[in-house]
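The structure under discussion appears below in the form of structure tokens.
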Amino acid sequence: MENKVSSACDTCSHFNAKGLKKLGVNTKNFDFVVALAGNPNTGKSTVFNALTGLRQHTGNWPGKTVVRAEGAFEYNAQKFKLIDLPGTYSLLSTSQDEEVARNFILFGKPDVTVIVVDASRLERNLNLVLQILEITDKVVLCLNLMDEAKRSNIKIDVRTLARDLGIPVVPTSARFSEGIPDLIQTINEVATGKIICKPHQIKNVPENIENAVKKLSTEIIKQFPSIPNSRWIAFRLLEGDTQIIEALKTGELV
């Protein structure tokens, strides 16, 4: 894994996206769905525009007032539909924007989730990163705003970060299109299984909580056989998350 991650991070200067075709709002007949997640003010929309060609199709999420932005690109004859999720600080949603982002990552089953973080304020972004790594193993970390980090004399050991998180890390400055070809190649390799991620996950759950989670997760699967991320739901139910309880009752999560 480390070698694959390292190679994904080292090819920026040698790789160009000759196989790239920006499709703008043409999101029909796609092969893979990519979710674009991140805190507000990380340059996520700039990354979205760089990947899709500065155009997006906007509407609202079903039953919500939150804007849904979609776009697409084609790479090596594979079509990727890109969903730009609302900016969120946590999957433990406290707002409609955060609820939409959380539910799509959890239950929309994207083929790849790209987390865009601010390289100049990395520590503020890692909370969301670690939460997403608990629920999906197909993740690419887009280390954006590298130009801002450099201006602030901040240096990031990309290889060590990739090794510790267990996922590919791609440094970018999306406003200047720097690192975008490397990001596209990495998304493609995660989607097609060429890169296998082994994300960092919390292991030291107390035994009594672990037993309760396993028991509840089993019951959730019995009631809702097709539901993904039953373990994560079990944790939320044990914490008394009223939104998750209501979403289960209404069938929103199925």
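We name chains A, B, ... following the order of the structure tokens; residues begin at 1 in each chain, and ligands are numbered from 1 as shown.
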Using only C-alpha atoms, which residues sit within 10 Å of Glu210 in chain A once same-chain residues fewer than 5 positions away are excluded, as a PyMOL selection string? chain A and resi 204-205+215-216+231+235
Can you tell me, as a PyMOL selection string, which residues in range 147-225 of chain A count as alpha helix (DSSP H) by DSSP? chain A and resi 147-151+158-165+180-191+207-223
Write out as a compact mmCIF listing (two decimals) with N, CA, C and O atoms, in the first residue's frame the residues lying within 8 Å of Thr42 in chain A, counting only C-alpha atoms and excluding same-chain residues fewer than 3 positions away.
```
# COMPACT_ATOMS: atom_id res chain seq x y z
N GLY A 38 -15.57 18.00 2.30
CA GLY A 38 -14.57 18.82 2.95
C GLY A 38 -15.18 19.90 3.82
O GLY A 38 -16.38 20.18 3.74
N ASN A 39 -14.34 20.49 4.66
CA ASN A 39 -14.76 21.63 5.46
C ASN A 39 -15.07 22.81 4.53
O ASN A 39 -14.55 22.87 3.41
N VAL A 116 -11.33 17.19 0.47
CA VAL A 116 -10.49 18.36 0.19
C VAL A 116 -10.20 19.05 1.52
O VAL A 116 -11.11 19.43 2.25
N VAL A 117 -8.91 19.20 1.83
CA VAL A 117 -8.50 19.86 3.08
C VAL A 117 -7.59 21.05 2.77
O VAL A 117 -6.96 21.11 1.71
N ASP A 118 -7.54 21.97 3.71
CA ASP A 118 -6.69 23.15 3.61
C ASP A 118 -5.32 22.80 4.18
O ASP A 118 -5.18 22.58 5.38
N ASN A 144 -5.23 20.49 -0.55
CA ASN A 144 -5.34 21.70 -1.37
C ASN A 144 -4.73 22.92 -0.68
O ASN A 144 -4.37 22.88 0.50
N LEU A 145 -4.63 24.00 -1.45
CA LEU A 145 -4.07 25.27 -0.97
C LEU A 145 -2.61 25.11 -0.53
O LEU A 145 -2.17 25.72 0.44
```
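As for CA of Ala35 in chain A and CA of Glu239 in chain A, they are spaced 26.7 Å apart.
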Do a neighbour search on Asn188 in chain A at 12 Å with only C-alpha atoms, toss out local chain neighbours closer than 3 positions, and write the hits as a VMD selection string. chain A and resid 8 17 19 to 20 31 to 34 73 to 81 111 to 114 138 to 140 168 181 to 185 191 to 196
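CA of His200 in chain A is found 27.9 Å from CA of Leu248 in chain A.
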Secondary structure check, strand (DSSP E or B) residues of range 29-241 of chain A, as a PyMOL selection string: chain A and resi 32-38+57-60+67-75+78-84+112-118+139-144+169-171+173+178
Counting only C-alpha atoms, closest pick from A:Leu128, A:Ile180, A:Ile221, A:Leu237 relative to Gly53 in chain A is A:Ile180
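Computed from the coordinates, the CA of Gly43 in chain A to CA of Asp137 in chain A distance equals 23.3 Å.
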In terms of only C-alpha atoms, the residue from A:Ala174, A:Ile115, A:Val100, A:Val129 at minimal distance from Thr46 in chain A is A:Ala174
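Nearest residue to Gly87 in chain A among A:Ser45, A:Thr160, A:Ser226, A:Gln131 is A:Ser45, counting only C-alpha atoms.
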